[in-house]
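Participant: Dropping a structure here in structure tokens format, bear with me for questions.
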Amino acid sequence: MNVIARSLGLTWVAEYDHEHDRAASALSGFWLFMMSDLIIFGLMFATYVTMLTPMSFAGGPTPKELFELPGAALETAALLTSTYTFGMASLAIKFDRGLGKVKSWLLITLALGLVFLALEIREFAHMVAEGAVPQRSGFLSAFFGLVPLHGVHVTAGVTWLVMMLIQINRTGLTGSAKSRIARLALFWHFLDLIWVGIFSVVYLGGIA
Amino acid sequence: MSHSFWSLVFGRLDFDSLDFLKAFFHPDLNDVIVSGASWVVILGAVVTAALLTWFRLWGPLWSKWLISVDHKRIGVMYIVLALIMLARGVLEGVVMRAQQADGLHGGFVSADHFAQLFSTHGTIMIFFMAMPFLTGLINIVVPLQIGARDVSFPMLNSLSLGLTVSGAMLVMISLVIGDFSTGGWTAYPPYTEPDFQPGAGVDYWIWAVTLAGLGSTLTGINFVVTILKERAPGMTLLRMPIFTWNALCTSLLLVFAMPPLTVAGLMLAADRYLGFHFFTNTLGGNMMNYANLFWQFGHPEVYILILPAFGVYGEVIATFSGKRLYGYVTLVIATMAIGFLSFGVWLHHFFTMGQDADVNAVFGIATMLIGIPTGVKVYDWMATMFRGRIRFSVPMVYALAFMVLFVLGGLTGILLANPTVDFQVHNTLFLVAHFHNMLIPGTLFGMLAGYTYWFPKVFGFRLNDRWGYIAAFSWIIGYFLAFMPLYAVGLMGMTRRTVSYTNSAFEPWFLVAGAGAFFVTVALVTLCVQLYVSIRDRELTRDIGGDPWNARTLEWATPSPVPAYNFPVMPHIHALDAFAVAKEAGFGYQEPTSYSDIHLPGNTWAGVIAAVFGTALGFGLVWHMWWLAWLSLAVLAVSLIARALLGDRHPVKIPATEVRRQYRAWLEKVRAVTPVTRALEWDHRNCGVAATEYFEEAAE
Amino acid sequence: MEQSLLSSNPSVRSCFCLAGIVEAKSAGCGSISCVKSAKLRIMGSGPKRRTMRLQFSRRSLRLLLAGSVVLLTGCSDKNQSFLTPDGPVSALEHYHMWLITLITLIVVAPVVVGVPLLAWRYRYGNTRARYAPNWDFSTALEWPMWLVPVAIVAVLSVYLWIYTHELDPYRSIAADKPPLRVQVVGLDWKWLFIYPDYHIATVGEMAFPQDRPVSMELTTDTVMQSFMIPALGGQIYAMPGMVTRLNLEADRTGEFEGMNTQYNGDGFHAQHFQAVAITPQDFDSWVKTVQHNGAALNPTSYGILARSSTPAEVHNQFGDAAMPKDITFFNDVASRLFAGIVMRYHGDRAVSPAEEPGTVAYNAKLASK
């Protein structure tokens, strides 16, 4: 390798290992995906807020009549705790606390996720029984556009979690598994953040 | 067969939906055109299948192309899709021009058919011509320009292509089975609500656009990461070629601007399929939300379409002026400024919706601000030509026509940014003329310039230049004749999307526009002829050295056609325009000191599965064949999850010795080639190695 | 001279639409009202000095552009373009358009001229031209490249701010007479013009007195539409359940083409009407004619009117020999009609498709009857 060649334009050198850091790329890609997803949630929030008018209630139930704090608070508690437990799983991976610890924290997270979904489905069923269906008004359409969208995301997260449990059960904590769990953790915390928004805007804002 | 069984299997599909039978039942001119179009699609598919079988090409097509994750092959497939859709889009435009040329006397197309024509024309040209074309160019060029082996997520890349193809398939199927939407490419509700348009048309639009939009979002993510993470060592951000910068900005726009379209489309779908009230007239729906959502996508989309073309022009003008690009950093800043500003101007698409004058004025001024960086870009390209040695190659002809015509579109864009003027010309043909002015000389010319410019890099031979000139001048003349009159009739009060008119003053202008449509048709045919002649005479235009234009950037430093692994070893970059600098110093064709094994991702079925089952999903949803929709969704989900669990099972390893053998063989050939000066650029003696005439002259 | 250039087509219009009501002479284009005075009024809020200066530049601009105006307007029998403005709003819009064009040409013209010149001067074969392959930046060049467009946009922004506010369609036009109120309902594929003060309504024609502002409220009883009379002023959307506003004025008598510009189905291209400016006396007699010769507009007839049909089809259904071709007069219009149309979309119950004009179900229901 002579110095002149190196300084002019381009040189072909073999010492560079092209095997770049796959995990880092995947993580960047995942961040971008979440930003894109955040735009979707942002627009759903915006739509929801524009639909909080008497015209969009269209004589149907209003947020005040519809929402009750205890149920939403319970859902919030389940999801916030699951974020904590996922954090513990991540720490267990980071500090090599063993596969067992990781699995148990992830299982607790999974259970809490399922509890959240069950509570949410119960709430929707309750609303439907009261006639508060999305076909009733623009406001309810916006509600059923926003909140179940988050629910669908949580369902995807739960599915992914199950897949990861299967994977680490079979192969142990390989590099690929760790990288995937890192992304799932991001996703899980992201959904938590969205839920904080939903709880504040939809539930607290609706009851206030 | 009982009715209920029929509807269980075929949903709402019935015999009346089969367009290709219409000419036999209602033999009038309009239905003959409708049926004729669907027969063209059917016969086109049959003939293609027959030819593939006859020449025994199914195998290679499958293994070398459809399941390939090579970014160059994926790029080529995108461009093939774009060219096919371009043909359909142009022909639809020609039918509309012909109809309006005769519009004073009623014409020959029914109002409903005309509405489908402008709806499919717009949808196709934006989503299935321009988007695949620019995505294809980005795919081919960006990894080469940044010195990467491939994109960051090759499987995802294939998946994006599959989703785009499935959207295009739905639009093509709509030509054969059922009608398309009559709501224009924007599909504004409440006109597109099920009460007003209960048929399959709007649903075709929704799923075609949503599937393609999903593909575009994934492409955006892929290329942002590729550009940020996969650059060769030494290629700092400010050493990236200008096309790559524009691709980066475009990809960012894709990531952030496609979601609003997805949201708008899915909300409309919720209204149509589930009886929601997002945009309905009654029970608190609000169509103004749709307008906002759609254009929060729609305006950045304009820059998604134009920025890659700007990138092409940057490369083309610098190369064919034999100069460094003037104001590289300025251009980078201008590009990013345009991308940023593009998110803050969406309201100018509906100044006429009755909002406050303050709001209109703020958005109007924000819109005009975009004119500043755009204007600076044009000046920078002019300064690049200043004191250059300009060769009027085909890409350069497109670039020159672009600069002159594009600023005229800029002028009318400034007019439209002013609410006062917009009140008058909104929804008129003036607006139509404006955006065609931006999208034909801007995007399409840019794409065709890029197609001509990078063709030898991908296929190893140049395109025929004589037919290239004929095509370019036909496009330019055709564009000018077809769309300049529309400015006039627009100012005279002619609304857009209007099948016929009674004002005789419009007629002469429409006749001129009709003549323009003829030239555009010629241009389209010429492109096909050019491709045929170029392939036939490929031995005369071989690009052995890989650098037929004496170009400046990294992609020209590697053989043409580019091997699957792009570069024998990873290049180290020490300058902007690294290849030009190396050539100048006499280091253009070095041999690496050592080689190592190259690992490439294995082929994947992801793209094919996405294309087939994406199409099936859309088709099932359009026709309410719920079993098909659920089945396709399940197949898509299961195969994606399986791929995620199993990983890439067939990665490819190319041993270092093989790489060395291939690269040395190429270097041998390069040394045997006589370098040519630019005077011989189109001569058969140009075998892709450039003589260093410029540097000698500069030294004087 | 200047005014005759401006004043649309010199051809005498035959006003068959008003035959028998007013004499063709008075409704024709013989009288040309003073564009200047109208403009002074709309500019009235600003300081007088500025108005005068603008006035002067506007005049020279007009003379400059007269040629292209003649080329573009052609020879239709109704004015369909703001290139030959017939009202203060369209006149100012027209002026603003050319003003922007001229200012923007400062940055556009150098490119149109410069690109061919540069291309030729620095062509490959011209070895006499200087060649500087490594020259790629100049601070001295960079300043004007950025600052000239910035300055142009700054100037344009000032104009944009001023005119956008002056030409706000919601802003009422200053006048000594109170504006004529018209309520406009968009139906598929025609506009219904309700004159609430006279209990009349029309389809296919909107008549109003010259030199008196017209203040419109707009809505639709179907999908979204956009209302425009180019010769008088710009457009505004009309949307169901919502009311938008538009203020226009004609400063001469004559006929102007009006239309919907937002595609709404097969009959879209036929959704035109004539806006007719007449003298106040003629307007009074026109109102009387409509009051005496109209068909009654009650819920039943409105239900039929609201189905998808063109103005000509409406005339065939409701019109009689006393009404001009393709034009229909209605009387006995309930004063709450417009408000009722707006409010029916605000109800607590869904409007079923069979009750919602423009839908397939609505048209089918009436067809089966």
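Residue names in the structure tokens use chain letters A, B, ... in the order shown, residue numbers from 1 in each chain, and ligand numbers from 1 in the order shown.
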Only residues of chain C matter here; which ones have an atom within 12 Å of chain A, counting only C-alpha atoms? Give them as an NGL selection string.

Facilitator: :C and (241-242 or 342-351)

Participant: Chain A residues within 6 Å of chain B, counting only C-alpha atoms: which ones, as a VMD selection string?

Facilitator: chain A and resid 7 to 14 29 36 40 55 to 56 58 134 to 135 137 to 138 141

Participant: Kindly indicate which residue among C:Pro209, C:Pro178, C:Pro85, C:Pro133 lies nearest to Asp282 of chain C, using only C-alpha atoms for the distances.

Facilitator: C:Pro209

Participant: If we count only C-alpha atoms and set the cut-off at 10 Å, which residues sit around segment 145-161 of chain A, ignoring sequence neighbours fewer than 3 positions away in its own chain? Please answer as a count of residues only.

Facilitator: 52

Participant: Could you make a table, as a tab-separated table, of the residues of chain B that have an atom within 6 Å of an atom of chain C, each with its nearest atom pair and distance in Å to one decimal, counting only C-alpha atoms, in chain and number order?

Facilitator:
```
residue	atom	partner	partner_atom	distance
B:Ala111	CA	C:Asp266	CA	5.2
B:Asp112	CA	C:Asp266	CA	5.7
B:Pro190	CA	C:Val223	CA	5.4
B:Tyr191	CA	C:Val223	CA	5.4
B:Asp195	CA	C:Thr359	CA	5.2
B:Phe196	CA	C:Thr359	CA	4.5
B:Thr282	CA	C:Tyr345	CA	5.0
B:Leu283	CA	C:Ala350	CA	5.6
B:Lys323	CA	C:Pro133	CA	4.3
B:Arg324	CA	C:Asn134	CA	5.7
B:Tyr326	CA	C:Asp136	CA	4.2
B:Gly327	CA	C:Phe137	CA	5.3
B:Thr352	CA	C:Ile236	CA	4.8
B:Met353	CA	C:Tyr237	CA	5.2
B:Gly354	CA	C:Thr244	CA	5.9
B:Ala357	CA	C:His165	CA	5.5
B:Ala361	CA	C:Trp161	CA	5.5
B:Ile365	CA	C:Ser157	CA	5.7
B:Ile372	CA	C:Pro149	CA	5.5
B:Val376	CA	C:Met145	CA	5.8
B:Arg387	CA	C:Tyr131	CA	4.7
B:Gly388	CA	C:Tyr131	CA	5.4
B:Arg389	CA	C:Tyr124	CA	4.5
B:Ile390	CA	C:Arg123	CA	4.5
B:Arg391	CA	C:Tyr124	CA	5.4
B:Val404	CA	C:Val112	CA	4.9
B:Val407	CA	C:Val108	CA	5.9
B:Thr420	CA	C:Glu93	CA	5.7
B:Val421	CA	C:Glu93	CA	5.9
B:Phe423	CA	C:Gly234	CA	4.3
B:Gln424	CA	C:Gly234	CA	4.5
B:Asn427	CA	C:Thr261	CA	5.7
B:Met492	CA	C:Ser81	CA	4.6
B:Gly493	CA	C:Ser81	CA	5.1
B:Thr495	CA	C:Thr261	CA	5.6
B:Thr498	CA	C:His269	CA	5.3
B:Asn503	CA	C:Ser76	CA	5.9
B:Ala505	CA	C:Gly74	CA	5.1
```

Participant: Could you pull out all residues of segment 77-263 of chain C with a DSSP call of strand (DSSP E) and give them as an MDAnalysis selection string?

Facilitator: chainID C and resid 180:187 190:195 200:203 205:209 214:220 225:229 233:238 244:248 254:260

Participant: Compile the contact shell of Pro485 of chain B as a list of chain:residue names: residues with an atom at most 9 Å away, counting only C-alpha atoms, same-chain residues fewer than 3 positions apart removed.

Facilitator: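 Listing them by chain and then by number gives B:Ala433, B:Phe480, B:Leu481, B:Ala482, B:Ala488, B:Val489, B:Gly490, B:Pro508, B:Trp509, B:Phe510, B:Val512, B:Ala513.
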
Participant: Record the distance separating atom CA of His26 of chain B and atom CA of Ile84 of chain B, expressed in Å with one decimal.

Facilitator: 29.0 Å

Participant: What's the 8 Å shell around segment 126-132 of chain B, counting only C-alpha atoms, without same-chain residues fewer than 5 positions away, as a list of chain:residue names?

Facilitator: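 My list of contacting residues is B:Tyr78, B:Ile79, B:Leu81, B:Ala82, B:Leu83, B:Met85, B:Leu86, B:Thr164, B:Gly167, B:Ala168, B:Val209, B:Ala212, B:Leu305, B:Thr443, B:Leu444.
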
Participant: Skipping near chain neighbours, those fewer than 2 positions away, what residues fall within 12 Å of Tyr328 of chain B using only C-alpha atoms, listed as an NGL selection string?

Facilitator: (:B and (237-243 or 245-246 or 311 or 314-315 or 318 or 324-326 or 330-335 or 376-377 or 380-381 or 383-384 or 576-577)) or (:C and (135-138 or 142))

Participant: List every residue of segment 8-208 of chain A that DSSP, applied to the backbone of this structure, places in alpha helix (DSSP H), and write the result as a ChimeraX atom specification.

Facilitator: /A:22-50,54-57,63-66,69-94,99-129,138-171,175-198,205-207

Participant: Kindly give the distance, in Å, that separates atom CA of Thr219 of chain C and atom CA of Met51 of chain A, rounded to a single decimal.

Facilitator: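 These two atoms are separated by 20.5 Å.
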
Participant: Just want the 7 Å neighbourhood of segment 197-203 of chain B, counted on only C-alpha atoms, with same-chain residues fewer than 3 positions away dropped. Output as a PyMOL selection string.

Facilitator: chain B and resi 178-181+191-194+206-207+622-623

Participant: Measure the distance from atom CA of Trp58 of chain B to atom CA of Leu617 of chain B in Å and round it to one decimal.

Facilitator: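 Between atom CA of Trp58 of chain B and atom CA of Leu617 of chain B the gap is 24.9 Å.
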